[in-house]
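Below: start_15.txt (compact mmCIF, C-alpha atoms)
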```txt
# COMPACT_ATOMS: atom_id res chain seq x y z
CA MET R 1 21.00 19.30 -36.07
CA SER R 2 20.68 16.35 -38.45
CA PHE R 3 19.12 16.75 -41.88
CA GLU R 4 16.20 14.43 -41.04
CA TRP R 5 15.39 16.21 -37.77
CA PHE R 6 15.56 19.64 -39.47
CA VAL R 7 13.07 18.65 -42.19
CA SER R 8 10.80 16.91 -39.68
CA ARG R 9 10.60 20.09 -37.58
CA ARG R 10 9.74 22.13 -40.65
CA TYR R 11 6.93 19.75 -41.53
CA LEU R 12 5.53 20.01 -38.00
CA ARG R 13 5.09 23.77 -38.48
CA ALA R 14 1.86 23.86 -40.45
CA LYS R 15 1.45 26.42 -43.19
CA ARG R 16 -1.85 28.10 -43.97
CA LYS R 17 -2.98 25.44 -46.43
CA GLN R 18 -2.06 22.64 -43.96
CA LYS R 19 -4.25 23.74 -41.05
CA PHE R 20 -6.40 20.63 -41.31
CA ILE R 21 -3.34 18.38 -41.04
CA SER R 22 -2.12 20.41 -38.07
CA LEU R 23 -5.53 20.03 -36.41
CA ILE R 24 -5.30 16.24 -36.77
CA SER R 25 -1.83 16.35 -35.15
CA VAL R 26 -3.22 18.35 -32.22
CA ILE R 27 -6.10 15.89 -31.85
CA SER R 28 -3.58 13.02 -31.90
CA ILE R 29 -1.51 14.66 -29.15
CA ALA R 30 -4.66 15.26 -27.10
CA GLY R 31 -5.78 11.67 -27.61
CA VAL R 32 -2.48 10.26 -26.39
CA ALA R 33 -2.47 12.67 -23.44
CA VAL R 34 -6.03 11.79 -22.40
CA GLY R 35 -5.32 8.06 -22.70
CA VAL R 36 -2.14 8.27 -20.61
CA MET R 37 -3.81 10.50 -18.01
CA ALA R 38 -6.81 8.16 -17.74
CA LEU R 39 -4.54 5.14 -17.32
CA ILE R 40 -2.50 6.80 -14.57
CA VAL R 41 -5.55 8.02 -12.62
CA VAL R 42 -7.55 4.79 -12.93
CA LEU R 43 -4.63 2.51 -12.04
CA SER R 44 -3.67 4.79 -9.13
CA VAL R 45 -7.23 4.62 -7.79
CA TYR R 46 -7.32 0.85 -8.31
CA THR R 47 -3.96 0.37 -6.58
CA GLY R 48 -5.11 2.56 -3.69
CA PHE R 49 -8.33 0.59 -3.40
CA THR R 50 -6.42 -2.72 -3.44
CA GLU R 51 -4.00 -1.55 -0.75
CA GLY R 52 -6.86 -0.15 1.33
CA LEU R 53 -8.67 -3.46 1.08
CA ARG R 54 -5.47 -5.27 1.98
CA ASP R 55 -4.94 -3.06 5.02
CA GLN R 56 -8.51 -3.69 6.15
CA ILE R 57 -8.12 -7.46 5.78
CA ILE R 58 -4.74 -7.80 7.47
CA GLY R 59 -5.66 -5.14 10.01
CA ILE R 60 -8.25 -7.38 11.64
CA ASN R 61 -6.14 -10.47 10.90
CA SER R 62 -2.50 -11.29 11.44
CA HIS R 63 0.22 -11.36 8.78
CA ILE R 64 1.09 -15.04 9.36
CA LEU R 65 -0.73 -18.00 10.92
CA VAL R 66 1.22 -20.88 12.50
CA GLN R 67 -0.60 -24.15 13.25
CA HIS R 68 0.30 -27.73 14.13
CA TYR R 69 -0.94 -30.41 11.78
CA GLY R 70 -3.70 -32.54 13.31
CA MET R 71 -3.58 -31.20 16.88
CA ASN R 72 -3.62 -28.12 19.08
CA LEU R 73 -0.52 -26.30 20.27
CA LEU R 74 -0.20 -27.43 23.91
CA HIS R 75 2.62 -25.05 24.84
CA PRO R 76 1.87 -21.75 23.09
CA ASP R 77 4.20 -19.62 25.23
CA GLU R 78 7.23 -21.74 24.28
CA MET R 79 6.18 -21.66 20.62
CA ARG R 80 5.83 -17.89 20.71
CA LYS R 81 9.35 -17.48 22.09
CA GLU R 82 10.74 -19.68 19.35
CA ILE R 83 8.87 -17.81 16.62
CA GLU R 84 9.97 -14.40 17.91
CA THR R 85 13.63 -15.37 17.40
CA VAL R 86 13.11 -15.33 13.61
CA PRO R 87 14.27 -12.04 12.02
CA GLY R 88 11.37 -9.90 10.82
CA VAL R 89 8.87 -11.08 13.43
CA ALA R 90 7.46 -8.13 15.39
CA ALA R 91 4.93 -9.76 17.74
CA THR R 92 2.95 -12.97 18.34
CA THR R 93 -0.26 -13.97 20.09
CA PRO R 94 -2.17 -17.26 20.55
CA TYR R 95 -5.64 -17.74 19.12
CA ILE R 96 -8.58 -20.16 19.04
CA TYR R 97 -11.14 -20.26 16.24
CA GLY R 98 -14.67 -21.52 16.61
CA GLN R 99 -18.25 -21.14 15.44
CA ALA R 100 -21.40 -20.78 17.48
CA LEU R 101 -24.95 -19.49 17.53
CA ILE R 102 -25.43 -16.14 19.25
CA SER R 103 -28.85 -15.32 20.65
CA THR R 104 -30.59 -12.61 22.66
CA GLY R 105 -33.94 -14.35 23.07
CA GLN R 106 -35.66 -12.35 20.34
CA ASN R 107 -32.94 -12.47 17.67
CA SER R 108 -30.21 -14.95 16.80
CA GLY R 109 -27.57 -15.62 14.16
CA GLY R 110 -24.30 -17.35 13.44
CA ILE R 111 -21.00 -15.99 14.71
CA VAL R 112 -17.32 -16.77 14.14
CA LEU R 113 -15.59 -16.68 17.52
CA ARG R 114 -11.93 -15.80 17.95
CA GLY R 115 -10.44 -16.56 21.30
CA ILE R 116 -7.60 -14.12 21.97
CA ASP R 117 -5.22 -13.05 24.69
CA PRO R 118 -6.14 -9.38 25.37
CA ALA R 119 -2.65 -8.67 26.69
CA THR R 120 -0.88 -9.57 23.43
CA ALA R 121 -3.56 -9.48 20.71
CA GLY R 122 -3.37 -5.68 20.35
CA LYS R 123 0.26 -5.98 19.24
CA VAL R 124 -0.64 -8.31 16.36
CA ILE R 125 -4.09 -7.24 15.11
CA ASN R 126 -5.52 -3.74 14.90
CA ILE R 127 -8.87 -4.51 16.50
CA GLY R 128 -8.12 -2.05 19.29
CA ARG R 129 -8.14 0.85 16.81
CA GLU R 130 -11.49 -0.26 15.36
CA MET R 131 -13.32 -0.20 18.70
CA LYS R 132 -16.33 2.10 18.79
CA SER R 133 -17.07 1.36 22.43
CA GLY R 134 -15.12 -0.54 25.08
CA THR R 135 -11.54 -1.83 24.86
CA LEU R 136 -9.73 -5.14 24.50
CA ALA R 137 -8.79 -4.97 28.17
CA ASP R 138 -12.48 -5.17 29.07
CA LEU R 139 -12.46 -8.84 28.06
CA ASP R 140 -10.30 -9.59 31.09
CA ARG R 141 -12.25 -7.57 33.62
CA THR R 142 -13.44 -9.36 36.75
CA SER R 143 -17.11 -10.21 36.40
CA ASP R 144 -19.55 -13.02 36.92
CA LEU R 145 -20.05 -13.26 33.16
CA PRO R 146 -17.35 -13.64 30.48
CA GLY R 147 -17.06 -10.74 28.06
CA ILE R 148 -17.49 -10.66 24.29
CA ILE R 149 -16.69 -8.02 21.64
CA ILE R 150 -18.86 -8.06 18.52
CA GLY R 151 -19.12 -6.08 15.29
CA ARG R 152 -21.46 -3.13 14.93
CA GLU R 153 -23.53 -4.78 12.18
CA LEU R 154 -23.99 -7.92 14.27
CA ALA R 155 -24.98 -5.79 17.28
CA ARG R 156 -27.54 -4.01 15.11
CA GLN R 157 -28.98 -7.31 13.87
CA LEU R 158 -29.26 -8.64 17.42
CA GLY R 159 -30.49 -5.35 18.82
CA VAL R 160 -27.89 -5.18 21.60
CA LEU R 161 -25.67 -2.46 23.04
CA GLN R 162 -22.65 -2.46 25.30
CA ASN R 163 -23.29 -4.17 28.69
CA ASN R 164 -26.19 -6.19 27.27
CA LYS R 165 -26.20 -9.97 27.65
CA VAL R 166 -26.10 -12.58 24.88
CA ARG R 167 -26.03 -16.38 24.81
CA LEU R 168 -23.43 -18.40 22.91
CA ILE R 169 -24.55 -21.88 21.87
CA SER R 170 -21.76 -24.19 20.73
CA PRO R 171 -22.34 -27.60 19.06
CA ASP R 172 -19.13 -28.97 20.62
CA GLY R 173 -20.80 -30.46 23.68
CA PRO R 174 -20.64 -33.83 25.46
CA LEU R 175 -22.11 -36.94 23.87
CA SER R 176 -25.20 -38.34 25.59
CA PRO R 177 -27.79 -41.04 24.82
CA MET R 178 -29.86 -38.25 23.25
CA GLY R 179 -26.95 -37.15 21.03
CA VAL R 180 -24.54 -34.25 21.37
CA LEU R 181 -25.65 -31.72 23.96
CA PRO R 182 -24.79 -28.14 22.97
CA LYS R 183 -22.85 -25.93 25.37
CA ILE R 184 -24.47 -22.66 26.34
CA ARG R 185 -22.60 -19.70 27.83
CA THR R 186 -24.10 -16.36 28.75
CA CYS R 187 -21.73 -13.47 27.96
CA GLU R 188 -21.81 -9.74 28.41
CA VAL R 189 -21.12 -7.42 25.46
CA VAL R 190 -18.12 -5.40 26.67
CA GLY R 191 -17.25 -3.75 23.36
CA ILE R 192 -18.38 -3.09 19.79
CA PHE R 193 -16.01 -2.67 16.82
CA GLU R 194 -16.45 -1.49 13.23
CA THR R 195 -13.94 -2.29 10.48
CA GLY R 196 -16.00 -1.01 7.56
CA MET R 197 -16.13 -4.52 6.05
CA PHE R 198 -19.58 -6.09 6.27
CA GLU R 199 -18.19 -9.66 6.37
CA TYR R 200 -16.33 -8.95 9.62
CA ASP R 201 -18.75 -6.53 11.25
CA SER R 202 -21.69 -8.92 10.85
CA THR R 203 -20.14 -12.29 11.74
CA LEU R 204 -17.07 -11.86 13.98
CA GLY R 205 -16.77 -11.87 17.75
CA PHE R 206 -13.82 -11.84 20.18
CA ILE R 207 -13.71 -13.71 23.50
CA THR R 208 -10.95 -14.75 25.87
CA LEU R 209 -8.99 -17.96 25.43
CA GLU R 210 -10.59 -19.46 28.55
CA THR R 211 -14.11 -18.83 27.24
CA ALA R 212 -13.16 -20.25 23.85
CA ARG R 213 -11.75 -23.41 25.47
CA SER R 214 -14.90 -23.95 27.51
CA LEU R 215 -17.06 -23.64 24.39
CA GLY R 216 -14.70 -25.78 22.33
CA GLY R 217 -14.59 -28.60 24.83
CA PHE R 218 -10.85 -28.73 25.60
CA ASP R 219 -8.91 -27.74 28.69
CA GLU R 220 -5.52 -26.58 27.39
CA GLY R 221 -3.71 -25.49 24.28
CA VAL R 222 -4.65 -23.20 21.41
CA HIS R 223 -5.34 -23.66 17.72
CA GLY R 224 -2.30 -21.69 16.63
CA ILE R 225 -0.14 -18.58 16.83
CA GLU R 226 -0.83 -15.31 15.00
CA VAL R 227 2.30 -13.46 13.87
CA ARG R 228 2.87 -9.84 12.93
CA VAL R 229 5.92 -8.96 10.82
CA SER R 230 7.85 -5.70 10.67
CA ASN R 231 7.33 -5.27 6.91
CA VAL R 232 4.06 -6.59 5.50
CA GLU R 233 5.59 -6.88 2.02
CA GLN R 234 8.19 -9.32 3.42
CA ALA R 235 5.62 -11.62 5.04
CA GLY R 236 6.32 -14.35 2.49
CA ARG R 237 10.05 -14.33 3.23
CA VAL R 238 9.44 -14.45 7.00
CA ALA R 239 6.96 -17.31 6.49
CA ASP R 240 9.62 -19.29 4.57
CA ALA R 241 12.07 -18.74 7.44
CA LEU R 242 9.46 -19.98 9.95
CA ARG R 243 8.80 -23.13 7.88
CA GLU R 244 12.49 -23.90 7.84
CA LYS R 245 12.84 -23.32 11.58
CA LEU R 246 9.73 -25.17 12.78
CA GLY R 247 9.94 -28.17 10.43
CA ARG R 248 7.38 -30.18 8.49
CA GLY R 249 4.94 -30.75 11.34
CA TYR R 250 3.71 -27.16 11.22
CA SER R 251 1.56 -25.20 8.79
CA VAL R 252 2.79 -21.65 8.13
CA ARG R 253 0.65 -19.42 5.90
CA ASP R 254 1.10 -15.72 5.22
CA TRP R 255 -1.65 -13.21 4.41
CA MET R 256 -1.11 -13.55 0.66
CA GLN R 257 -1.74 -17.30 0.80
CA LEU R 258 -4.76 -16.88 3.07
CA ASN R 259 -6.35 -14.43 0.59
CA GLN R 260 -4.82 -15.82 -2.59
CA ASN R 261 -8.03 -15.98 -4.65
CA LEU R 262 -9.10 -12.44 -3.80
CA PHE R 263 -5.81 -10.75 -4.64
CA ALA R 264 -5.29 -12.91 -7.74
CA ALA R 265 -8.69 -11.72 -9.00
CA LEU R 266 -7.81 -8.09 -8.23
CA LYS R 267 -4.49 -8.43 -10.07
CA LEU R 268 -6.21 -9.93 -13.12
CA GLU R 269 -8.81 -7.17 -13.09
CA LYS R 270 -6.07 -4.53 -12.96
CA ALA R 271 -4.43 -6.07 -16.04
CA GLY R 272 -7.79 -6.02 -17.83
CA ILE R 273 -8.27 -2.34 -17.00
CA PHE R 274 -4.78 -1.56 -18.31
CA ILE R 275 -5.49 -3.32 -21.62
CA ALA R 276 -8.91 -1.68 -22.01
CA LEU R 277 -7.63 1.84 -21.40
CA ASP R 278 -4.69 1.25 -23.74
CA LEU R 279 -7.30 1.22 -26.50
CA ILE R 280 -7.67 4.99 -25.98
CA ILE R 281 -4.01 5.40 -26.86
CA LEU R 282 -4.51 3.06 -29.83
CA VAL R 283 -7.29 5.28 -31.16
CA ALA R 284 -4.95 8.27 -30.85
CA ALA R 285 -2.31 6.26 -32.70
CA LEU R 286 -4.74 5.80 -35.60
CA ASN R 287 -5.05 9.57 -35.74
CA ILE R 288 -1.27 9.79 -35.94
CA ILE R 289 -1.31 7.39 -38.89
CA SER R 290 -3.96 9.50 -40.62
CA ALA R 291 -2.07 12.74 -40.02
CA LEU R 292 1.24 11.35 -41.29
CA ILE R 293 -0.33 9.79 -44.39
CA MET R 294 -1.90 13.14 -45.24
CA VAL R 295 1.47 14.83 -44.73
CA VAL R 296 3.07 12.28 -47.07
CA MET R 297 0.43 13.00 -49.71
CA GLU R 298 0.91 16.73 -49.24
CA LYS R 299 4.72 16.50 -49.36
CA ASN R 300 4.86 14.04 -52.25
CA ARG R 301 6.71 16.52 -54.48
CA ASP R 302 9.08 17.53 -51.66
CA ILE R 303 9.96 13.90 -51.04
CA ALA R 304 10.68 13.39 -54.73
CA ILE R 305 12.93 16.47 -54.79
CA LEU R 306 14.79 15.31 -51.68
CA LYS R 307 15.35 11.90 -53.24
CA SER R 308 16.55 13.52 -56.45
CA MET R 309 19.05 15.53 -54.39
CA GLY R 310 20.45 12.33 -52.85
CA ALA R 311 18.30 11.65 -49.80
CA THR R 312 18.26 7.92 -49.04
CA THR R 313 15.21 5.78 -48.34
CA GLY R 314 16.29 5.56 -44.69
CA SER R 315 16.50 9.35 -44.43
CA ILE R 316 12.96 9.78 -45.76
CA MET R 317 11.67 7.19 -43.31
CA ARG R 318 13.41 8.91 -40.41
CA ILE R 319 11.88 12.27 -41.32
CA PHE R 320 8.33 11.01 -40.84
CA PHE R 321 9.31 8.69 -38.01
CA TYR R 322 10.66 11.66 -36.06
CA GLN R 323 7.48 13.62 -36.81
CA GLY R 324 5.27 10.87 -35.40
CA ALA R 325 7.65 10.39 -32.46
CA VAL R 326 7.35 14.07 -31.54
CA ILE R 327 3.56 13.84 -31.57
CA GLY R 328 3.60 10.67 -29.43
CA MET R 329 6.23 11.91 -26.96
CA THR R 330 4.45 15.26 -26.57
CA GLY R 331 1.14 13.54 -25.87
CA MET R 332 2.78 11.11 -23.45
CA THR R 333 4.52 13.94 -21.56
CA PHE R 334 1.35 15.99 -21.21
CA GLY R 335 -0.55 12.86 -20.17
CA VAL R 336 1.95 11.90 -17.47
CA LEU R 337 2.07 15.44 -16.07
CA GLY R 338 -1.72 15.75 -16.17
CA GLY R 339 -2.26 12.31 -14.59
CA LEU R 340 0.21 12.92 -11.77
CA SER R 341 -1.24 16.38 -11.12
CA LEU R 342 -4.80 15.06 -10.98
CA CYS R 343 -3.73 12.25 -8.63
CA ALA R 344 -2.01 14.78 -6.36
CA ILE R 345 -5.16 16.92 -6.26
CA LEU R 346 -7.42 13.94 -5.52
CA LYS R 347 -5.07 12.69 -2.82
CA ARG R 348 -4.67 16.05 -1.10
CA TYR R 349 -8.22 17.39 -1.10
CA GLN R 350 -10.19 14.10 -1.05
CA PHE R 351 -13.39 15.74 -2.27
CA ILE R 352 -14.77 12.48 -3.73
CA GLU R 353 -16.46 10.59 -0.89
CA LEU R 354 -17.49 6.95 -0.98
CA PRO R 355 -20.38 5.32 0.92
CA ARG R 356 -19.00 3.45 3.93
CA ASN R 357 -21.69 0.79 3.70
CA VAL R 358 -20.38 -0.21 0.26
CA TYR R 359 -16.62 0.42 0.36
CA PRO R 360 -14.09 -0.20 3.16
CA MET R 361 -12.85 3.42 2.90
CA SER R 362 -14.65 6.77 3.10
CA THR R 363 -12.79 8.69 0.34
CA MET R 364 -11.37 7.72 -3.02
CA PRO R 365 -7.96 6.12 -2.38
CA ILE R 366 -4.98 7.19 -4.50
CA LYS R 367 -1.70 5.27 -4.69
CA VAL R 368 0.74 6.27 -7.45
CA VAL R 369 3.22 3.50 -8.23
CA ALA R 370 6.35 4.48 -10.16
CA PHE R 371 6.40 1.15 -11.99
CA ASP R 372 2.83 1.63 -13.23
CA VAL R 373 3.57 5.16 -14.48
CA THR R 374 6.72 3.96 -16.25
CA LEU R 375 4.84 1.05 -17.85
CA ILE R 376 2.07 3.38 -19.04
CA ALA R 377 4.57 5.85 -20.52
CA LEU R 378 6.50 3.07 -22.30
CA SER R 379 3.32 1.51 -23.71
CA ALA R 380 2.18 4.91 -25.03
CA VAL R 381 5.56 5.53 -26.67
CA LEU R 382 5.68 2.07 -28.24
CA ILE R 383 2.12 2.32 -29.60
CA THR R 384 2.71 5.75 -31.12
CA LEU R 385 6.08 4.77 -32.58
CA ALA R 386 4.50 1.69 -34.13
CA ALA R 387 1.89 3.97 -35.69
CA THR R 388 4.60 5.90 -37.55
CA LEU R 389 6.08 2.87 -39.30
CA TYR R 390 3.56 2.53 -42.13
CA PRO R 391 3.44 6.26 -43.09
CA SER R 392 7.25 6.39 -42.95
CA TRP R 393 7.50 3.33 -45.18
CA LYS R 394 4.90 4.82 -47.53
CA ALA R 395 6.95 8.01 -47.82
CA SER R 396 10.14 6.08 -48.57
CA ARG R 397 8.42 4.32 -51.49
CA VAL R 398 7.76 7.56 -53.40
CA ARG R 399 9.44 7.47 -56.82
CA PRO R 400 10.86 10.82 -57.97
CA ALA R 401 10.17 10.17 -61.67
CA GLU R 402 6.46 9.52 -61.07
CA ALA R 403 6.02 12.33 -58.51
CA LEU R 404 7.67 14.97 -60.73
CA THR R 405 6.21 13.89 -64.06
CA TYR R 406 3.51 16.55 -64.14
CA GLU R 407 5.37 19.24 -62.22
```
Take the structure from the file and write it as structure tokens.
Amino acid sequence: MSFEWFVSRRYLRAKRKQKFISLISVISIAGVAVGVMALIVVLSVYTGFTEGLRDQIIGINSHILVQHYGMNLLHPDEMRKEIETVPGVAATTPYIYGQALISTGQNSGGIVLRGIDPATAGKVINIGREMKSGTLADLDRTSDLPGIIIGRELARQLGVLQNNKVRLISPDGPLSPMGVLPKIRTCEVVGIFETGMFEYDSTLGFITLETARSLGGFDEGVHGIEVRVSNVEQAGRVADALREKLGRGYSVRDWMQLNQNLFAALKLEKAGIFIALDLIILVAALNIISALIMVVMEKNRDIAILKSMGATTGSIMRIFFYQGAVIGMTGMTFGVLGGLSLCAILKRYQFIELPRNVYPMSTMPIKVVAFDVTLIALSAVLITLAATLYPSWKASRVRPAEALTYE
């Protein structure tokens, strides 16, 4: 054991007359531990919420969209085969986007229509798992009326149930002397889905490609190809490979580019939360400074004696630096263990429920990321070590002649 470490340990053991200083040290350890624990829990909840939101968004949407600049894709089956040769691509399906007015006679509203192929859409988007009534296959059933699947919130606003009839009114009609005549199609509600996201449940509807073409005013082709990748985190890399393979005439966008503003805002907010909660650790660091300065004042005569016996300025600094480091490391360790334990409890028992009409998940999401925990631990250690510099420097400046004058 080194001389500096031995003396530092002795100073950490408070004597009877140093109980107040020891209490400040305990408060400092508790402050660091609470700050680290709060950071771990809050960032884990925030990461879980972000990933849950991401899963909801890309669950109803594809990972990558492929479109042709300025025109429809006239041969979607050939394009799908070419796309599926790229490594990382799991499945593809054609799609058509459009907007229309949906009406029941008494109620009406706007709707975003997605024309899909029921045979392949279930392999790319997770709408099949969100169905509350009916299935994707019901869109293709033989009937006099085309089928439509709508969100639960939209069905509530329109006052319709499964097997009820609705009218779709599209502005993409033929031009006449009286202007553009809207196209009207009567459809039967064959299914109702619920994603938990109000934006989708209140505005989105699924129809077949044939119905979408008739409303859109074209006979063949699709607007693009939806792509699902094997690893969602590698969607950007797969998108780059598709751009290289298809050439400049095609637009290839992954889910991160399609939702760039949303996830950029969430990332910035996470950084703000990290900085704000780091202030808790900073407050604990101020307590460490106070405790060490009081120890220096209490040990003024001891420091002078040690210097008289040959202790160097660096040795005196290390004594108090080690003391502050022990306080900071102890608080950080307890904080990390407490934060991870609390996250494990919240994740296992899920006793905190969230309102489904506000959040896209029913219970508080927890996602512990090793990088976040490491960053929190390092920031706590750096802040507490920085707090020991001034008291250590103050101790090294003690002059033996002045300190021992009246002893």
Wanna dump the region 15-126 of chain R-region 375-380 of chain R contacts at 9 Å for me, each residue with its shortest atom pair and the distance in Å to one decimal, counting all atoms listed in the file, ordered by chain and number, as a tab-separated table?
```
residue	atom	partner	partner_atom	distance
R:Val32	CA	R:Ala380	CA	7.2
R:Gly35	CA	R:Ala380	CA	8.5
R:Val36	CA	R:Ile376	CA	6.6
R:Leu39	CA	R:Ile376	CA	7.1
R:Ile40	CA	R:Ile376	CA	7.2
```
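Residue nearest Phe193 (chain R) within the list R:Asp240, R:Glu298, R:Asp77, R:Glu153: R:Glu153 [criterion: smallest interatomic distance, all atoms listed in the file].
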Query raised in the report: From the list R:Lys123, R:Lys367, R:Arg129, R:Lys394, which residue is nearest Val42 (chain R) when using all atoms listed in the file?
Result: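 Checking each candidate against Val42 (chain R), we get R:Lys367 as the closest.
Our summary of the geometry notes that CA of His63 (chain R) is positioned 25.4 Å from CA of Ala370 (chain R).
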Give me the residues near region 154-168 of chain R as a PDB file with C-alpha atoms, in the coordinates of the input, where near means some atom within 8 Å (using all atoms listed in the file) and where sequence neighbours in that chain fewer than 3 positions away do not count.
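Now in part29.pdb:
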```
ATOM      1  CA  ALA R 100     -21.400 -20.780  17.480  1.00  0.00           C
ATOM      2  CA  LEU R 101     -24.950 -19.490  17.530  1.00  0.00           C
ATOM      3  CA  ILE R 102     -25.430 -16.140  19.250  1.00  0.00           C
ATOM      4  CA  SER R 103     -28.850 -15.320  20.650  1.00  0.00           C
ATOM      5  CA  THR R 104     -30.590 -12.610  22.660  1.00  0.00           C
ATOM      6  CA  GLN R 106     -35.660 -12.350  20.340  1.00  0.00           C
ATOM      7  CA  ASN R 107     -32.940 -12.470  17.670  1.00  0.00           C
ATOM      8  CA  SER R 108     -30.210 -14.950  16.800  1.00  0.00           C
ATOM      9  CA  GLY R 109     -27.570 -15.620  14.160  1.00  0.00           C
ATOM     10  CA  SER R 133     -17.070   1.360  22.430  1.00  0.00           C
ATOM     11  CA  GLY R 134     -15.120  -0.540  25.080  1.00  0.00           C
ATOM     12  CA  ILE R 150     -18.860  -8.060  18.520  1.00  0.00           C
ATOM     13  CA  GLY R 151     -19.120  -6.080  15.290  1.00  0.00           C
ATOM     14  CA  LYS R 183     -22.850 -25.930  25.370  1.00  0.00           C
ATOM     15  CA  ILE R 184     -24.470 -22.660  26.340  1.00  0.00           C
ATOM     16  CA  ARG R 185     -22.600 -19.700  27.830  1.00  0.00           C
ATOM     17  CA  THR R 186     -24.100 -16.360  28.750  1.00  0.00           C
ATOM     18  CA  CYS R 187     -21.730 -13.470  27.960  1.00  0.00           C
ATOM     19  CA  GLU R 188     -21.810  -9.740  28.410  1.00  0.00           C
ATOM     20  CA  VAL R 189     -21.120  -7.420  25.460  1.00  0.00           C
ATOM     21  CA  VAL R 190     -18.120  -5.400  26.670  1.00  0.00           C
ATOM     22  CA  GLY R 191     -17.250  -3.750  23.360  1.00  0.00           C
ATOM     23  CA  ILE R 192     -18.380  -3.090  19.790  1.00  0.00           C
ATOM     24  CA  ASP R 201     -18.750  -6.530  11.250  1.00  0.00           C
ATOM     25  CA  SER R 202     -21.690  -8.920  10.850  1.00  0.00           C
ATOM     26  CA  THR R 203     -20.140 -12.290  11.740  1.00  0.00           C
ATOM     27  CA  LEU R 204     -17.070 -11.860  13.980  1.00  0.00           C
TER      28      LEU R 204
END
```
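For the atom pair formed by CA of Gly249 (chain R) and CA of Met71 (chain R), the distance is 10.2 Å, given to one decimal.
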